[in-house]
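Pasting model.cif here (mmCIF, C-alpha atoms):
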data_query
#
loop_
_atom_site.label_atom_id
_atom_site.label_comp_id
_atom_site.auth_asym_id
_atom_site.auth_seq_id
_atom_site.Cartn_x
_atom_site.Cartn_y
_atom_site.Cartn_z
CA MET A 66 150.77 79.24 158.43
CA LYS A 67 150.55 82.52 160.30
CA ASP A 68 151.45 82.67 163.97
CA ASN A 69 148.72 82.13 166.53
CA LEU A 70 149.19 85.42 168.38
CA THR A 71 146.56 84.57 171.00
CA LEU A 72 148.49 81.46 171.99
CA LYS A 73 151.65 83.54 172.25
CA LYS A 74 149.89 86.06 174.46
CA ILE A 75 148.37 83.63 176.94
CA ARG A 76 151.58 81.61 177.13
CA GLY A 77 153.32 84.87 177.99
CA CYS A 78 150.62 85.73 180.57
CA GLN A 79 149.44 88.72 178.51
CA PRO A 80 145.77 89.72 178.18
CA ALA A 81 143.90 88.34 175.17
CA ILE A 82 140.51 89.95 174.62
CA GLY A 83 137.98 88.52 172.21
CA CYS A 84 134.35 88.23 171.23
CA PHE A 85 131.83 85.51 170.40
CA LEU A 86 130.22 85.98 166.98
CA GLY A 87 126.63 84.82 167.05
CA LEU A 88 125.17 86.96 164.28
CA GLY A 89 126.80 84.91 161.53
CA SER A 90 128.00 87.98 159.65
CA PRO A 91 131.37 88.11 157.83
CA SER A 92 131.14 91.90 157.95
CA VAL A 93 130.75 91.92 161.73
CA ALA A 94 133.61 89.41 162.00
CA GLU A 95 135.86 91.64 159.91
CA LEU A 96 134.85 94.76 161.84
CA MET A 97 135.63 93.11 165.19
CA ALA A 98 138.97 91.86 163.93
CA ARG A 99 139.98 95.24 162.52
CA ALA A 100 138.85 96.96 165.71
CA GLY A 101 141.60 95.08 167.53
CA MET A 102 140.10 91.93 169.05
CA ASP A 103 142.79 89.34 169.78
CA TRP A 104 140.50 86.39 169.06
CA LEU A 105 137.03 85.77 167.65
CA VAL A 106 134.83 82.71 168.21
CA ILE A 107 132.47 81.77 165.39
CA GLU A 108 129.39 80.24 166.99
CA THR A 109 128.15 77.04 165.33
CA GLU A 110 126.50 75.20 168.23
CA HIS A 111 123.48 77.45 168.70
CA ASN A 112 122.82 78.98 165.29
CA ALA A 113 122.13 77.93 161.71
CA LEU A 114 125.52 78.49 160.06
CA ASP A 115 126.58 75.94 157.46
CA SER A 116 130.17 75.16 156.48
CA ALA A 117 130.25 77.63 153.58
CA GLU A 118 129.10 80.46 155.85
CA ILE A 119 131.67 79.54 158.49
CA GLN A 120 134.38 79.61 155.83
CA SER A 121 133.26 83.07 154.69
CA MET A 122 133.63 84.35 158.24
CA LEU A 123 137.07 82.76 158.53
CA MET A 124 138.08 84.51 155.31
CA ALA A 125 136.87 87.83 156.72
CA ILE A 126 139.10 87.42 159.78
CA ASP A 127 142.08 86.04 157.89
CA GLY A 128 143.51 89.37 156.73
CA THR A 129 143.97 90.52 160.33
CA ASP A 130 146.00 89.52 163.38
CA ALA A 131 142.91 88.17 165.19
CA THR A 132 142.89 84.43 165.92
CA PRO A 133 139.86 82.73 164.33
CA ILE A 134 138.28 80.10 166.62
CA VAL A 135 135.26 77.93 165.85
CA ARG A 136 132.88 76.79 168.56
CA VAL A 137 131.98 73.39 167.18
CA PRO A 138 128.52 71.82 167.78
CA ASN A 139 129.99 68.98 169.85
CA ARG A 140 133.21 67.03 170.40
CA ASP A 141 132.82 64.91 167.24
CA GLN A 142 136.10 64.45 165.36
CA VAL A 143 134.61 65.43 162.00
CA PHE A 144 133.37 68.81 163.27
CA ILE A 145 136.76 69.59 164.81
CA GLN A 146 138.78 68.56 161.77
CA ARG A 147 136.45 70.38 159.37
CA ALA A 148 136.76 73.63 161.33
CA LEU A 149 140.55 73.40 161.27
CA ASP A 150 140.66 72.40 157.60
CA MET A 151 138.61 75.50 156.74
CA GLY A 152 141.21 77.68 158.42
CA ALA A 153 140.30 77.97 162.08
CA MET A 154 143.33 78.39 164.32
CA GLY A 155 141.49 77.26 167.41
CA ILE A 156 138.48 75.28 168.52
CA LEU A 157 136.05 75.71 171.40
CA VAL A 158 134.32 72.48 172.41
CA PRO A 159 131.14 72.28 174.51
CA GLY A 160 129.85 69.64 176.89
CA VAL A 161 133.16 68.13 178.01
CA ARG A 162 132.89 66.00 181.15
CA THR A 163 136.08 63.96 181.61
CA ALA A 164 139.83 63.96 181.04
CA ASP A 165 139.45 61.10 178.55
CA GLU A 166 137.14 63.25 176.45
CA ALA A 167 139.63 66.12 176.68
CA ARG A 168 142.47 63.86 175.52
CA ALA A 169 140.43 62.68 172.55
CA ILE A 170 139.67 66.28 171.55
CA VAL A 171 143.35 67.21 171.62
CA SER A 172 144.17 64.17 169.48
CA TYR A 173 141.70 65.35 166.82
CA THR A 174 143.67 68.61 166.49
CA ARG A 175 147.10 66.95 166.06
CA PHE A 176 148.52 65.17 163.06
CA PRO A 177 150.24 61.80 163.73
CA PRO A 178 152.19 60.76 165.64
CA ALA A 179 150.98 63.36 168.19
CA GLY A 180 147.31 62.72 167.38
CA ILE A 181 144.88 61.25 164.86
CA ARG A 182 143.87 64.26 162.76
CA SER A 183 143.57 63.21 159.13
CA TRP A 184 145.20 65.22 156.37
CA GLY A 185 142.89 67.49 154.38
CA PRO A 186 143.46 71.16 155.26
CA LEU A 187 142.63 72.53 151.80
CA ARG A 188 142.02 76.15 152.72
CA ALA A 189 144.16 76.01 155.88
CA SER A 190 147.17 75.00 153.79
CA ALA A 191 146.53 77.80 151.25
CA TYR A 192 145.09 75.22 148.87
CA THR A 193 148.29 73.10 149.17
CA LEU A 194 150.61 76.06 148.48
CA ASP A 195 151.55 76.05 152.17
CA SER A 196 151.29 72.32 152.90
CA ASP A 197 154.87 71.82 154.10
CA ASP A 198 154.77 74.68 156.58
CA TYR A 199 151.26 73.80 157.76
CA LEU A 200 152.20 70.20 158.46
CA GLU A 201 155.30 71.29 160.35
CA ARG A 202 153.62 73.95 162.49
CA ALA A 203 149.93 73.13 162.93
CA ASN A 204 150.27 70.81 165.92
CA ASP A 205 151.85 73.55 168.04
CA ASN A 206 149.87 76.44 166.58
CA ILE A 207 146.25 75.41 167.24
CA LEU A 208 144.49 76.72 170.34
CA VAL A 209 142.35 74.14 172.15
CA SER A 210 139.66 75.44 174.48
CA LEU A 211 136.95 73.51 176.29
CA ILE A 212 133.79 74.94 177.83
CA LEU A 213 133.51 74.37 181.57
CA GLU A 214 129.74 73.98 181.71
CA THR A 215 129.00 70.57 183.25
CA GLU A 216 128.98 69.43 186.86
CA HIS A 217 131.11 66.44 185.88
CA ALA A 218 133.76 68.73 184.40
CA VAL A 219 133.89 70.73 187.63
CA LYS A 220 134.41 67.54 189.61
CA ASN A 221 137.13 66.43 187.16
CA LEU A 222 138.72 69.87 186.90
CA ASP A 223 142.24 68.93 187.99
CA GLU A 224 142.38 65.86 185.72
CA ILE A 225 141.11 67.83 182.71
CA CYS A 226 143.63 70.64 183.29
CA ALA A 227 146.40 68.04 183.44
CA VAL A 228 145.71 66.87 179.85
CA PRO A 229 148.59 68.03 177.60
CA GLY A 230 147.40 70.32 174.83
CA ILE A 231 144.52 72.02 176.66
CA ASP A 232 145.15 75.76 176.48
CA VAL A 233 141.96 77.32 177.87
CA LEU A 234 138.90 76.31 179.87
CA THR A 235 136.14 78.78 179.07
CA MET A 236 133.44 79.26 181.66
CA GLY A 237 129.90 78.45 180.50
CA PRO A 238 127.96 80.11 183.33
CA TRP A 239 124.44 79.66 181.95
CA ASP A 240 124.59 75.91 181.36
CA LEU A 241 126.62 75.38 184.53
CA SER A 242 124.03 77.31 186.52
CA LEU A 243 121.22 75.19 185.08
CA GLU A 244 123.10 71.96 185.89
CA LEU A 245 123.57 73.10 189.48
CA GLY A 246 119.92 74.07 189.88
CA LEU A 247 120.64 77.80 189.86
CA ASP A 248 118.85 80.55 187.96
CA PRO A 249 121.24 81.89 185.28
CA ARG A 250 119.13 85.02 184.91
CA LYS A 251 120.52 86.07 188.29
CA LEU A 252 124.17 85.93 187.20
CA PRO A 253 126.68 86.77 188.53
CA LEU A 254 126.10 84.08 191.14
CA ALA A 255 128.44 83.45 194.06
CA GLU A 256 128.54 79.71 193.37
CA ILE A 257 129.62 80.19 189.75
CA GLU A 258 132.18 82.85 190.66
CA GLU A 259 133.69 80.49 193.23
CA ILE A 260 134.00 77.72 190.63
CA SER A 261 135.65 80.20 188.29
CA ARG A 262 138.13 81.29 190.95
CA ARG A 263 138.97 77.68 191.79
CA ALA A 264 139.38 76.89 188.10
CA LEU A 265 141.76 79.84 187.76
CA GLU A 266 143.89 78.52 190.62
CA VAL A 267 143.92 74.94 189.35
CA GLY A 268 144.45 75.98 185.74
CA ARG A 269 147.36 78.28 186.48
CA GLY A 270 149.09 75.42 188.25
CA ARG A 271 148.72 73.32 185.09
CA GLY A 272 149.43 76.00 182.48
CA VAL A 273 145.77 76.33 181.47
CA GLU A 274 144.04 79.71 181.29
CA ILE A 275 140.42 80.24 182.33
CA GLY A 276 138.16 82.17 179.99
CA VAL A 277 135.53 84.49 181.45
CA SER A 278 133.18 87.11 180.07
CA ALA A 279 132.50 90.79 180.68
CA SER A 280 129.77 92.98 179.24
CA SER A 281 131.16 96.44 179.95
CA PRO A 282 134.50 98.28 180.05
CA ALA A 283 134.27 98.29 183.85
CA GLY A 284 133.64 94.55 183.78
CA LEU A 285 136.72 94.02 181.61
CA ARG A 286 138.86 95.93 184.08
CA GLU A 287 137.43 93.95 187.00
CA ARG A 288 138.07 90.60 185.32
CA GLN A 289 141.64 91.63 184.61
CA ARG A 290 142.06 92.75 188.22
CA GLN A 291 140.85 89.31 189.33
CA GLY A 292 143.69 87.72 187.37
CA TYR A 293 141.97 86.53 184.21
CA ILE A 294 143.68 87.18 180.89
CA PHE A 295 141.46 85.30 178.39
CA ILE A 296 138.41 87.56 178.48
CA GLN A 297 135.35 87.71 176.26
CA TYR A 298 133.79 91.11 175.57
CA GLY A 299 130.42 90.56 174.00
CA PRO A 300 128.99 88.56 172.28
CA ASP A 301 128.44 90.65 169.16
CA TYR A 302 124.65 90.74 169.47
CA ASN A 303 124.86 91.89 173.10
CA LEU A 304 127.22 94.73 172.17
CA LEU A 305 124.81 95.81 169.44
CA ALA A 306 121.71 95.42 171.62
CA ASN A 307 123.30 97.34 174.50
CA ALA A 308 124.36 100.19 172.20
CA VAL A 309 120.85 100.44 170.76
CA THR A 310 118.99 100.28 174.08
CA ASP A 311 121.40 102.70 175.75
CA GLY A 312 120.96 105.15 172.90
CA LEU A 313 117.19 104.91 172.92
CA ALA A 314 117.09 105.28 176.69
CA ALA A 315 119.10 108.49 176.44
CA LEU A 316 116.71 110.05 173.92
CA ASP A 317 113.61 111.93 174.99
CA ARG A 318 111.07 110.87 172.38
CA GLY A 319 108.16 112.61 174.05
CA GLU A 320 106.27 109.40 174.64
CA GLY A 321 105.01 110.64 177.99
CA GLY A 322 102.92 113.32 176.31
CA SER A 323 103.26 117.10 176.43
#
So that I can check it, write out the structure of this file as structure tokens.
Amino acid sequence: MKDNLTLKKIRGCQPAIGCFLGLGSPSVAELMARAGMDWLVIETEHNALDSAEIQSMLMAIDGTDATPIVRVPNRDQVFIQRALDMGAMGILVPGVRTADEARAIVSYTRFPPAGIRSWGPLRASAYTLDSDDYLERANDNILVSLILETEHAVKNLDEICAVPGIDVLTMGPWDLSLELGLDPRKLPLAEIEEISRRALEVGRGRGVEIGVSASSPAGLRERQRQGYIFIQYGPDYNLLANAVTDGLAALDRGEGGS
């Protein structure tokens, strides 16, 4: 099993920059990985990817140093185990509300006696060629991230951060805004930024990093200045859309007439 370099970075308080992959393309996944992203999240909650397509994207990332993470549809044990068995080295779980739910999620990522993950990592164990090493190292080499996107999770922030095995809480500003009665189209919002800052303070005290997003190089620098080290640049479709619209805006196509 290869080392989870993203885990090593955040445990050493070093920046780890990544991207959400919503386009479902193995080619885009490979491009992002080879461009130097530290981690990549394969989106499976809000798109139509099936397991075979997820596995193809994991294979595209596998020949690089980037850490492949799967955003599972929900906190169901089968989804979490399947993602790890296909070769994910981290999971991102939506909709978490309580510390008990967080503890259950961690247990699904750990083989006994540390958890209740069942044995079946066919691709993750190199089709059994790497079973011994995978069994020995997987429990300490899987990144566990939860999305902070519910009002209940905000209220239970300290208890969730205290759960052993939680590595990152990733901000979900759109869903959190909607839960709080705010308009996410107006982000950044002071209320969400304050929750993020408080999460950073609480998380650091518990050894948990807080994941935030940035959509520009200047935004990346600002997030790093604020003290965040697990930073999303993207997602992939936003980077593409921004490049296209910026390019078109810079071109005089004579549409105003002569």
Residues within 12 Å of (136.4, 65.8, 187.7), counting only C-alpha atoms, listed as a PyMOL selection string: chain A and resi 161-167+213+215-227+264+267
Write to file, as a PDB file, in the frame of the given file, the residues of the selection just made, with C-alpha atoms.
ATOM      1  CA  VAL A 161     133.160  68.130 178.010  1.00  0.00           C
ATOM      2  CA  ARG A 162     132.890  66.000 181.150  1.00  0.00           C
ATOM      3  CA  THR A 163     136.080  63.960 181.610  1.00  0.00           C
ATOM      4  CA  ALA A 164     139.830  63.960 181.040  1.00  0.00           C
ATOM      5  CA  ASP A 165     139.450  61.100 178.550  1.00  0.00           C
ATOM      6  CA  GLU A 166     137.140  63.250 176.450  1.00  0.00           C
ATOM      7  CA  ALA A 167     139.630  66.120 176.680  1.00  0.00           C
ATOM      8  CA  LEU A 213     133.510  74.370 181.570  1.00  0.00           C
ATOM      9  CA  THR A 215     129.000  70.570 183.250  1.00  0.00           C
ATOM     10  CA  GLU A 216     128.980  69.430 186.860  1.00  0.00           C
ATOM     11  CA  HIS A 217     131.110  66.440 185.880  1.00  0.00           C
ATOM     12  CA  ALA A 218     133.760  68.730 184.400  1.00  0.00           C
ATOM     13  CA  VAL A 219     133.890  70.730 187.630  1.00  0.00           C
ATOM     14  CA  LYS A 220     134.410  67.540 189.610  1.00  0.00           C
ATOM     15  CA  ASN A 221     137.130  66.430 187.160  1.00  0.00           C
ATOM     16  CA  LEU A 222     138.720  69.870 186.900  1.00  0.00           C
ATOM     17  CA  ASP A 223     142.240  68.930 187.990  1.00  0.00           C
ATOM     18  CA  GLU A 224     142.380  65.860 185.720  1.00  0.00           C
ATOM     19  CA  ILE A 225     141.110  67.830 182.710  1.00  0.00           C
ATOM     20  CA  CYS A 226     143.630  70.640 183.290  1.00  0.00           C
ATOM     21  CA  ALA A 227     146.400  68.040 183.440  1.00  0.00           C
ATOM     22  CA  ALA A 264     139.380  76.890 188.100  1.00  0.00           C
ATOM     23  CA  VAL A 267     143.920  74.940 189.350  1.00  0.00           C
TER      24      VAL A 267
END
Minimum-distance residue to Leu105 (chain A), chosen among A:Asp68, A:Glu320, A:Glu244, A:Asp301 (using all atoms listed in the file):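 The answer is A:Asp301, which sits nearest to Leu105 (chain A).
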Residues returned when the PyMOL selection byres ((chain A and resi 133) around 8) runs on this file, as a ChimeraX atom specification: /A:104-107,123,126-127,131-132,134-135,152-155
Of the listed residues A:Asp205, A:Glu110, A:Glu258, A:Glu118, that which approaches Ala94 (chain A) most closely, counting only C-alpha atoms: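 The shortest atom-to-atom distance to Ala94 (chain A) comes from A:Glu118.
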Interatomic distance (Å, one decimal) between CA of Asp311 (chain A) and CA of Val277 (chain A):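 These atoms are spaced 23.7 Å apart.
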Close residues, Pro177 (chain A) itself excluded, 10 Å, all atoms listed in the file, min 6 positions apart in chain, as a list in words: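 Contacts, with the query itself left out: Ser183, Trp184 and Asn204 of chain A.
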On this structure, which residues satisfy the PyMOL selection byres ((chain A and resi 286-297) around 10), written as a PDB file with C-alpha atoms, in the frame of the given file?
ATOM      1  CA  THR A  71     146.560  84.570 171.000  1.00  0.00           C
ATOM      2  CA  LYS A  74     149.890  86.060 174.460  1.00  0.00           C
ATOM      3  CA  ILE A  75     148.370  83.630 176.940  1.00  0.00           C
ATOM      4  CA  CYS A  78     150.620  85.730 180.570  1.00  0.00           C
ATOM      5  CA  GLN A  79     149.440  88.720 178.510  1.00  0.00           C
ATOM      6  CA  PRO A  80     145.770  89.720 178.180  1.00  0.00           C
ATOM      7  CA  ALA A  81     143.900  88.340 175.170  1.00  0.00           C
ATOM      8  CA  ILE A  82     140.510  89.950 174.620  1.00  0.00           C
ATOM      9  CA  GLY A  83     137.980  88.520 172.210  1.00  0.00           C
ATOM     10  CA  CYS A  84     134.350  88.230 171.230  1.00  0.00           C
ATOM     11  CA  PHE A  85     131.830  85.510 170.400  1.00  0.00           C
ATOM     12  CA  MET A 102     140.100  91.930 169.050  1.00  0.00           C
ATOM     13  CA  ASP A 103     142.790  89.340 169.780  1.00  0.00           C
ATOM     14  CA  TRP A 104     140.500  86.390 169.060  1.00  0.00           C
ATOM     15  CA  LEU A 105     137.030  85.770 167.650  1.00  0.00           C
ATOM     16  CA  VAL A 106     134.830  82.710 168.210  1.00  0.00           C
ATOM     17  CA  VAL A 233     141.960  77.320 177.870  1.00  0.00           C
ATOM     18  CA  LEU A 234     138.900  76.310 179.870  1.00  0.00           C
ATOM     19  CA  THR A 235     136.140  78.780 179.070  1.00  0.00           C
ATOM     20  CA  SER A 261     135.650  80.200 188.290  1.00  0.00           C
ATOM     21  CA  ARG A 262     138.130  81.290 190.950  1.00  0.00           C
ATOM     22  CA  LEU A 265     141.760  79.840 187.760  1.00  0.00           C
ATOM     23  CA  GLU A 266     143.890  78.520 190.620  1.00  0.00           C
ATOM     24  CA  GLU A 274     144.040  79.710 181.290  1.00  0.00           C
ATOM     25  CA  ILE A 275     140.420  80.240 182.330  1.00  0.00           C
ATOM     26  CA  GLY A 276     138.160  82.170 179.990  1.00  0.00           C
ATOM     27  CA  VAL A 277     135.530  84.490 181.450  1.00  0.00           C
ATOM     28  CA  SER A 278     133.180  87.110 180.070  1.00  0.00           C
ATOM     29  CA  ALA A 279     132.500  90.790 180.680  1.00  0.00           C
ATOM     30  CA  SER A 280     129.770  92.980 179.240  1.00  0.00           C
ATOM     31  CA  SER A 281     131.160  96.440 179.950  1.00  0.00           C
ATOM     32  CA  PRO A 282     134.500  98.280 180.050  1.00  0.00           C
ATOM     33  CA  ALA A 283     134.270  98.290 183.850  1.00  0.00           C
ATOM     34  CA  GLY A 284     133.640  94.550 183.780  1.00  0.00           C
ATOM     35  CA  LEU A 285     136.720  94.020 181.610  1.00  0.00           C
ATOM     36  CA  TYR A 298     133.790  91.110 175.570  1.00  0.00           C
ATOM     37  CA  GLY A 299     130.420  90.560 174.000  1.00  0.00           C
ATOM     38  CA  PRO A 300     128.990  88.560 172.280  1.00  0.00           C
TER      39      PRO A 300
END
Nearest to Leu149 (chain A) by atom-to-atom distance, counting all atoms listed in the file, from A:Arg269, A:Arg168, A:His111, A:Arg175: A:Arg175
Pick from A:Ser242, A:Thr109, A:Ser190, A:Ser172, whichever lies nearest to Leu88 (chain A) using all atoms listed in the file: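 For Leu88 (chain A), the nearest of the candidates is A:Thr109.
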Pick from A:Ile212, A:Gly268, A:Arg140, A:Asn206, whichever lies nearest to Lys73 (chain A) using all atoms listed in the file: A:Asn206
